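*Asks:* I have a structure here, written as structure tokens, and I will follow up with some questions on it.
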Amino acid sequence: MSEQKFLPFALPDIGEEEINEVVDALRSGWVTTGPKTKQFEADFAAFLGDGVEAIAVNSATAGLHLALEAIGIKEGDEVIVPSYTFTATAEVVRYLGAHPVCVDVDAATFNIRPDAIRAAITDKTRAIMPVHFAGLACDMDEIIAIAREHGLKIVEDAAHAMPTYYKGKLVGTLDSDVTVFSFYANKTMTTGEGGMVVSKNKDIIARCKVMRLHGISRDAFDRYVSKTPAWFYEVVAPGYKYNMPDTAAAMGIHQLKKIRGFYEKREVMAQRFDRELADLPLILPARAKDEGSNHAWHLYPVRIKPEAGISRDDFIAKMAEKGIGCSVHFIPLHRQPVWRDGYQLTREQFPVADAAFEAEVTLPLYTKMTDDDQTRVIAAVREILGA
């Protein structure tokens with residue numbers, strides 16, 4: 001084992017601004033959903049622009065559940081999702097008694113394939129849930145066209161996509177119905193745990209607001225800070241407990257201010273990986289092809305070619321021996337027992353996703369990494385692959 005300090009796969013980049021804002025929330029006496037959450041929501045909507053509204057929640061999973069409920073997904077409906085995603089994308093469909101229909105992905109981007117979406121549509125299909133894998137947007141023009149042709153809703157799983165541009169527009173402002181972002185600890189910006197639901201549709205936003213907090217008709221913050229008696233409220237639906245507390249939103253306020261700088265550093269790091277790993281037996285990540293599009297670089301996923309002479313699992317083990325953490329994104333849904341057995345999914349149904357999983361390894365890429373850290377990662381990869 002190397003004597004060097006272990007380099008983890010990911011670390012959040014939190015500064016004194018976030019710490020001071022959290023302390024301010026604690027000292028204010030208002031630690032659950034309150035003024036800082038409202039500020040974070042307003043700031044986030046302003047960042048995206050184009051008339052979107054934003055609802056802060058305690059996780060992207062919660063946000064996806066709210067989004068599907070708000071567009072009317074119900075028992076027996078079908079929602080098309082990629083197999084190459086984290087289980088949250090599919091599980092929220094089951095929360096509503098509906099069924100996730102898994103389809104294969106593009107071999108270059110790992111994003112959901114429009115032709116696979118078309119082939120999976122039935123008379124029970126109600127929505128499509130594209131996942132912008134690693135921070136690169138799906139082919140949204142084609143997906144939107146399919147949705148309009150068949151009268152389907154679109155919920156974008158943008159857990160990786162902050163800030164991702166697609167043909168000059170930020171993900172979150174496209175012509176879908178609703179988009180959900182994640183602020184989990186390893187994302188491009190973080191609130192520890194948390195997410196944001198954004199939409200231009202005021203009915204969807206209104207429904208998410210009500211269902212976010214027990215189906216109550218009025219925000220608790222509004223009731224408790226009212227200057228006149230305002231104790232009365234009505235429960236208008238059997239809602240959930242999905243609100244974001246001010247202690248989390250306090251972090252988000254400053255993470256959002258830093259997001260463009262975070263992105264610029266990730267882009268520089270990704271370019272360096274591209275240059276210095278280009279001669280190795282690896283398939284490097286796809287880049288945005290369209291004018292006005294970018295990659296947010298939440299992840300830097302590579303695939304080990306057969307001629308490398310080493311398996312993905314052995315490569316990860318050797319990186320760990322050198323004190324460097326790697327990960328795998330993702331074990332596809334069709335390999336997970338709950339989806340595999342529950343829906344009789346086989347590897348043969350998802351040849352691209354299955355082959356991608358066998359070869360994929362995600363290298364460390366995060367803004368707290370130094371140039372020396374990245375040099376160390378590159379040197380380890382080159383040594384293991386015999387370069």
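Note on naming: chains are A, B, ... as they come in the structure tokens, residues start from 1 per chain, ligands start from 1 in the order shown.
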Extract, using only C-alpha atoms, all DNA, RNA and protein residues at most 7 Å from segment 246-255 of chain A, discarding same-chain residues fewer than 4 positions from it, and format them as a ChimeraX atom specification.
*Replies:* /A:17-18,21-22,25,31-34,36-37,40,189-192,259
*Asks:* Using only C-alpha atoms, determine which residues lie at most 6 Å from segment 62-67 of chain A, disregarding the query and same-chain residues fewer than 4 positions distant; provide the list as a VMD selection string.
*Replies:* chain A and resid 92 197 208
*Asks:* Which one of A:Val155, A:Pro8, A:Glu291, A:Ile144 sits closest to Leu68 of chain A if you count only C-alpha atoms?
*Replies:*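 For Leu68 of chain A, the nearest of the candidates is A:Val155.
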*Asks:* Give me, please, the distance in Å between atom CA of Gly261 of chain A and atom CA of Ser28 of chain A, quoted to one decimal.
*Replies:*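 Separation between atom CA of Gly261 of chain A and atom CA of Ser28 of chain A: 29.6 Å.
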*Asks:* Give me the residues near Ala134 of chain A as a VMD selection string, where near means some atom within 9 Å (using only C-alpha atoms) and where sequence neighbours in that chain fewer than 5 positions away do not count.
*Replies:* chain A and resid 109 to 110 159 to 161 295 to 301 329
*Asks:* Now that the selection is made, can you save its residues with C-alpha atoms as an mmCIF file, in the first residue's frame?
*Replies:*
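Okay, this is what ended up in selection-v3.cif:
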```cif
data_model
loop_
_atom_site.group_PDB
_atom_site.id
_atom_site.type_symbol
_atom_site.label_atom_id
_atom_site.label_comp_id
_atom_site.auth_asym_id
_atom_site.auth_seq_id
_atom_site.Cartn_x
_atom_site.Cartn_y
_atom_site.Cartn_z
ATOM 1 C CA THR A 109 -23.132 8.494 -23.994
ATOM 2 C CA PHE A 110 -24.954 5.889 -21.825
ATOM 3 C CA ALA A 159 -29.326 14.489 -10.780
ATOM 4 C CA HIS A 160 -26.008 14.752 -12.686
ATOM 5 C CA ALA A 161 -26.782 17.797 -14.813
ATOM 6 C CA HIS A 295 -20.853 18.285 -20.213
ATOM 7 C CA ALA A 296 -21.195 19.146 -16.502
ATOM 8 C CA TRP A 297 -18.650 16.449 -15.531
ATOM 9 C CA HIS A 298 -20.384 15.196 -12.425
ATOM 10 C CA LEU A 299 -18.611 11.965 -13.357
ATOM 11 C CA TYR A 300 -15.624 11.007 -15.492
ATOM 12 C CA PRO A 301 -16.549 7.468 -16.633
ATOM 13 C CA HIS A 329 -21.741 3.998 -12.436
#
```
*Asks:* Pull the strand (DSSP E or B) assignments for segment 235-296 of chain A out of DSSP run on the backbone, and list those residues as a VMD selection string.
*Replies:* chain A and resid 235 241 243 282 to 283 295
*Asks:* Please, could you write that set of residues out with N, CA, C and O atoms as a PDB file, in the first residue's frame?
*Replies:*
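again_31.pdb, written as the output of this step:
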```pdb
ATOM      1  N   VAL A 235     -55.743  20.149   5.254  1.00  0.00           N
ATOM      2  CA  VAL A 235     -55.035  19.070   4.578  1.00  0.00           C
ATOM      3  C   VAL A 235     -55.894  18.666   3.383  1.00  0.00           C
ATOM      4  O   VAL A 235     -56.993  18.142   3.543  1.00  0.00           O
ATOM      5  N   LYS A 241     -43.529  13.990   3.412  1.00  0.00           N
ATOM      6  CA  LYS A 241     -42.668  14.849   4.255  1.00  0.00           C
ATOM      7  C   LYS A 241     -41.333  15.011   3.530  1.00  0.00           C
ATOM      8  O   LYS A 241     -40.358  14.328   3.813  1.00  0.00           O
ATOM      9  N   ASN A 243     -39.825  18.229   2.639  1.00  0.00           N
ATOM     10  CA  ASN A 243     -39.299  19.592   2.628  1.00  0.00           C
ATOM     11  C   ASN A 243     -37.812  19.637   2.957  1.00  0.00           C
ATOM     12  O   ASN A 243     -37.290  18.791   3.671  1.00  0.00           O
ATOM     13  N   LEU A 282      -8.406   2.606 -23.338  1.00  0.00           N
ATOM     14  CA  LEU A 282      -9.615   3.056 -22.654  1.00  0.00           C
ATOM     15  C   LEU A 282     -10.559   3.697 -23.661  1.00  0.00           C
ATOM     16  O   LEU A 282     -10.113   4.310 -24.636  1.00  0.00           O
ATOM     17  N   ILE A 283     -11.858   3.595 -23.392  1.00  0.00           N
ATOM     18  CA  ILE A 283     -12.847   4.423 -24.086  1.00  0.00           C
ATOM     19  C   ILE A 283     -13.138   5.594 -23.157  1.00  0.00           C
ATOM     20  O   ILE A 283     -13.649   5.397 -22.045  1.00  0.00           O
ATOM     21  N   HIS A 295     -20.837  19.406 -21.150  1.00  0.00           N
ATOM     22  CA  HIS A 295     -20.853  18.285 -20.213  1.00  0.00           C
ATOM     23  C   HIS A 295     -20.559  18.863 -18.839  1.00  0.00           C
ATOM     24  O   HIS A 295     -19.569  19.573 -18.666  1.00  0.00           O
TER      25      HIS A 295
END
```
*Asks:* Taking only C-alpha atoms into account, name the residue in A:Met196, A:Pro163, A:Leu277, A:Pro130 that is nearest to Glu264 of chain A.
*Replies:*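 Checking each candidate against Glu264 of chain A, we get A:Pro163 as the closest.
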*Asks:* I need the residue nearest Ala206 of chain A from this list: A:Ile55, A:Ala278, A:Ala353, A:Ala42. Use only C-alpha atoms for the distance.
*Replies:*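 Ranking A:Ile55, A:Ala278, A:Ala353, A:Ala42 by distance to Ala206 of chain A, first place goes to A:Ile55.
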*Asks:* Check the smallest atom-to-atom distance from each of A:Val57, A:Cys138, A:Leu152, A:Ala10 to Thr362 of chain A using only C-alpha atoms, then report the winner.
*Replies:*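 Counting only C-alpha atoms, the residue closest to Thr362 of chain A is A:Ala10.
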*Asks:* Please list as a PyMOL selection string every residue within 7 Å of Ile154 of chain A, counting only C-alpha atoms and excluding residues in the same chain fewer than 6 positions away.
*Replies:* chain A and resi 127-129+176-178
*Asks:* When you look at Phe315 of chain A with a cut-off of 10 Å (counting only C-alpha atoms), what residues show up, excluding the ones that are within fewer than 6 positions of it in the same chain? I need them as an MDAnalysis selection string.
*Replies:* chainID A and resid 304 308:309 321 326 361 381 384:385
*Asks:* Using the selection just defined, write its residues with N, CA and C atoms as a JSON list (two decimals), in the first residue's frame.
*Replies:*
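For reference, selection-v9.json as written:
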```json
[["chain", "number", "residue", "atom", "x", "y", "z"],
["A", 304, "ILE", "N", -12.71, 0.19, -19.86],
["A", 304, "ILE", "CA", -11.46, -0.52, -20.11],
["A", 304, "ILE", "C", -11.65, -1.46, -21.31],
["A", 308, "ALA", "N", -6.66, -4.18, -22.93],
["A", 308, "ALA", "CA", -5.92, -3.72, -21.75],
["A", 308, "ALA", "C", -5.37, -4.89, -20.95],
["A", 309, "GLY", "N", -5.99, -6.05, -21.09],
["A", 309, "GLY", "CA", -5.49, -7.23, -20.40],
["A", 309, "GLY", "C", -5.78, -7.24, -18.92],
["A", 321, "GLU", "N", -5.08, -0.23, -4.17],
["A", 321, "GLU", "CA", -3.76, -0.55, -3.61],
["A", 321, "GLU", "C", -2.82, 0.66, -3.68],
["A", 326, "CYS", "N", -11.97, 4.63, -6.66],
["A", 326, "CYS", "CA", -12.74, 4.71, -7.90],
["A", 326, "CYS", "C", -14.15, 4.19, -7.61],
["A", 361, "VAL", "N", -15.51, 2.19, -15.29],
["A", 361, "VAL", "CA", -14.96, 2.61, -14.00],
["A", 361, "VAL", "C", -14.95, 4.13, -14.00],
["A", 381, "VAL", "N", -3.16, 5.21, -13.26],
["A", 381, "VAL", "CA", -3.86, 4.59, -14.39],
["A", 381, "VAL", "C", -2.85, 4.12, -15.44],
["A", 384, "ILE", "N", -0.86, 1.02, -14.19],
["A", 384, "ILE", "CA", -1.66, -0.21, -14.16],
["A", 384, "ILE", "C", -1.91, -0.74, -15.56],
["A", 385, "LEU", "N", -2.09, 0.18, -16.53],
["A", 385, "LEU", "CA", -2.36, -0.23, -17.90],
["A", 385, "LEU", "C", -1.09, -0.42, -18.72]]
```
*Asks:* In Å, how far is it from atom CA of Gly292 of chain A to atom CA of Ile146 of chain A?
*Replies:*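 Pair atom CA of Gly292 of chain A / atom CA of Ile146 of chain A returns 22.4 Å.
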*Asks:* Rounded to one decimal, what separation in Å do you get between atom CA of Thr61 of chain A and atom CA of Thr346 of chain A?
*Replies:*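 The value is 25.6 Å.
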*Asks:* What lies within 8 Å of Ser199 of chain A using only C-alpha atoms, ignoring chain neighbours under 5 positions off, as a PyMOL selection string?
*Replies:* chain A and resi 52-54+172-173+177-179+204-205
*Asks:* Generate a file of the selected residues that holds all heavy atoms, formatted as a PDB file, in the first residue's frame.
*Replies:*
```
ATOM      1  N   VAL A  52     -38.853  29.592 -15.001  1.00  0.00           N
ATOM      2  CA  VAL A  52     -39.069  28.407 -14.180  1.00  0.00           C
ATOM      3  C   VAL A  52     -39.319  28.799 -12.729  1.00  0.00           C
ATOM      4  O   VAL A  52     -38.897  29.860 -12.269  1.00  0.00           O
ATOM      5  CB  VAL A  52     -37.876  27.421 -14.236  1.00  0.00           C
ATOM      6  CG1 VAL A  52     -37.543  27.056 -15.668  1.00  0.00           C
ATOM      7  CG2 VAL A  52     -36.656  27.975 -13.531  1.00  0.00           C
ATOM      8  N   GLU A  53     -40.020  27.938 -12.005  1.00  0.00           N
ATOM      9  CA  GLU A  53     -40.151  28.040 -10.561  1.00  0.00           C
ATOM     10  C   GLU A  53     -39.477  26.828  -9.940  1.00  0.00           C
ATOM     11  O   GLU A  53     -39.356  25.775 -10.581  1.00  0.00           O
ATOM     12  CB  GLU A  53     -41.619  28.111 -10.137  1.00  0.00           C
ATOM     13  CG  GLU A  53     -42.321  29.384 -10.610  1.00  0.00           C
ATOM     14  CD  GLU A  53     -43.735  29.486 -10.078  1.00  0.00           C
ATOM     15  OE1 GLU A  53     -43.909  29.508  -8.834  1.00  0.00           O
ATOM     16  OE2 GLU A  53     -44.670  29.516 -10.901  1.00  0.00           O
ATOM     17  N   ALA A  54     -39.026  26.976  -8.699  1.00  0.00           N
ATOM     18  CA  ALA A  54     -38.228  25.927  -8.059  1.00  0.00           C
ATOM     19  C   ALA A  54     -38.770  25.578  -6.682  1.00  0.00           C
ATOM     20  O   ALA A  54     -39.146  26.472  -5.919  1.00  0.00           O
ATOM     21  CB  ALA A  54     -36.772  26.381  -7.951  1.00  0.00           C
ATOM     22  N   GLY A 172     -33.324  22.089 -17.299  1.00  0.00           N
ATOM     23  CA  GLY A 172     -34.208  22.728 -16.326  1.00  0.00           C
ATOM     24  C   GLY A 172     -35.101  23.760 -16.981  1.00  0.00           C
ATOM     25  O   GLY A 172     -36.129  24.151 -16.412  1.00  0.00           O
ATOM     26  N   THR A 173     -34.692  24.192 -18.202  1.00  0.00           N
ATOM     27  CA  THR A 173     -35.495  25.175 -18.937  1.00  0.00           C
ATOM     28  C   THR A 173     -35.973  24.628 -20.277  1.00  0.00           C
ATOM     29  O   THR A 173     -36.524  25.377 -21.090  1.00  0.00           O
ATOM     30  CB  THR A 173     -34.680  26.460 -19.189  1.00  0.00           C
ATOM     31  OG1 THR A 173     -33.601  26.192 -20.107  1.00  0.00           O
ATOM     32  CG2 THR A 173     -34.110  27.023 -17.905  1.00  0.00           C
ATOM     33  N   ASP A 177     -41.834  18.625 -18.958  1.00  0.00           N
ATOM     34  CA  ASP A 177     -42.848  19.035 -17.982  1.00  0.00           C
ATOM     35  C   ASP A 177     -42.237  19.444 -16.653  1.00  0.00           C
ATOM     36  O   ASP A 177     -42.680  20.414 -16.025  1.00  0.00           O
ATOM     37  CB  ASP A 177     -43.857  17.896 -17.786  1.00  0.00           C
ATOM     38  CG  ASP A 177     -44.644  17.635 -19.055  1.00  0.00           C
ATOM     39  OD1 ASP A 177     -45.627  18.345 -19.301  1.00  0.00           O
ATOM     40  OD2 ASP A 177     -44.247  16.733 -19.826  1.00  0.00           O
ATOM     41  N   VAL A 178     -41.219  18.714 -16.226  1.00  0.00           N
ATOM     42  CA  VAL A 178     -40.619  18.984 -14.920  1.00  0.00           C
ATOM     43  C   VAL A 178     -39.228  18.368 -14.892  1.00  0.00           C
ATOM     44  O   VAL A 178     -38.977  17.348 -15.548  1.00  0.00           O
ATOM     45  CB  VAL A 178     -41.524  18.446 -13.778  1.00  0.00           C
ATOM     46  CG1 VAL A 178     -41.789  16.973 -13.935  1.00  0.00           C
ATOM     47  CG2 VAL A 178     -40.970  18.763 -12.407  1.00  0.00           C
ATOM     48  N   THR A 179     -38.316  19.016 -14.156  1.00  0.00           N
ATOM     49  CA  THR A 179     -36.931  18.555 -14.054  1.00  0.00           C
ATOM     50  C   THR A 179     -36.540  18.501 -12.590  1.00  0.00           C
ATOM     51  O   THR A 179     -36.947  19.364 -11.802  1.00  0.00           O
ATOM     52  CB  THR A 179     -35.981  19.514 -14.801  1.00  0.00           C
ATOM     53  OG1 THR A 179     -36.415  19.635 -16.161  1.00  0.00           O
ATOM     54  CG2 THR A 179     -34.544  19.012 -14.778  1.00  0.00           C
ATOM     55  N   ILE A 204     -48.126  22.192 -11.845  1.00  0.00           N
ATOM     56  CA  ILE A 204     -47.193  21.198 -11.308  1.00  0.00           C
ATOM     57  C   ILE A 204     -46.503  21.742 -10.068  1.00  0.00           C
ATOM     58  O   ILE A 204     -46.395  21.052  -9.044  1.00  0.00           O
ATOM     59  CB  ILE A 204     -46.167  20.793 -12.380  1.00  0.00           C
ATOM     60  CG1 ILE A 204     -46.846  19.950 -13.460  1.00  0.00           C
ATOM     61  CG2 ILE A 204     -44.994  20.026 -11.756  1.00  0.00           C
ATOM     62  CD1 ILE A 204     -45.941  19.599 -14.632  1.00  0.00           C
ATOM     63  N   ILE A 205     -46.053  22.986 -10.120  1.00  0.00           N
ATOM     64  CA  ILE A 205     -45.389  23.601  -8.972  1.00  0.00           C
ATOM     65  C   ILE A 205     -46.337  23.676  -7.784  1.00  0.00           C
ATOM     66  O   ILE A 205     -45.962  23.346  -6.643  1.00  0.00           O
ATOM     67  CB  ILE A 205     -44.861  25.002  -9.337  1.00  0.00           C
ATOM     68  CG1 ILE A 205     -43.680  24.886 -10.314  1.00  0.00           C
ATOM     69  CG2 ILE A 205     -44.454  25.785  -8.095  1.00  0.00           C
ATOM     70  CD1 ILE A 205     -42.433  24.246  -9.751  1.00  0.00           C
TER      71      ILE A 205
END
```
*Asks:* Can you tell me which residues surround Met319 of chain A at a distance of at most 12 Å, considering only C-alpha atoms, apart from same-chain residues fewer than 6 positions away, and format the answer as JSON, numbers by chain?
*Replies:* {"A": [1, 2, 6, 7, 8, 9, 312, 313, 325, 326, 327, 361, 362, 363, 364, 376, 377, 378, 379, 380, 381, 382, 383, 384, 385]}
*Asks:* Can you check which residues of segment 169-363 of chain A DSSP gives as helix (DSSP H, G or I) on the backbone and send them as a ChimeraX atom specification?
*Replies:* /A:202-212,220-225,246-277,306-308,312-321,333-335,337-342,347-349,351-359
*Asks:* From the options A:Arg118, A:Arg207, A:Arg126, A:Lys5, which residue's atoms come nearest to Pro238 of chain A, counting only C-alpha atoms?
*Replies:* A:Arg207
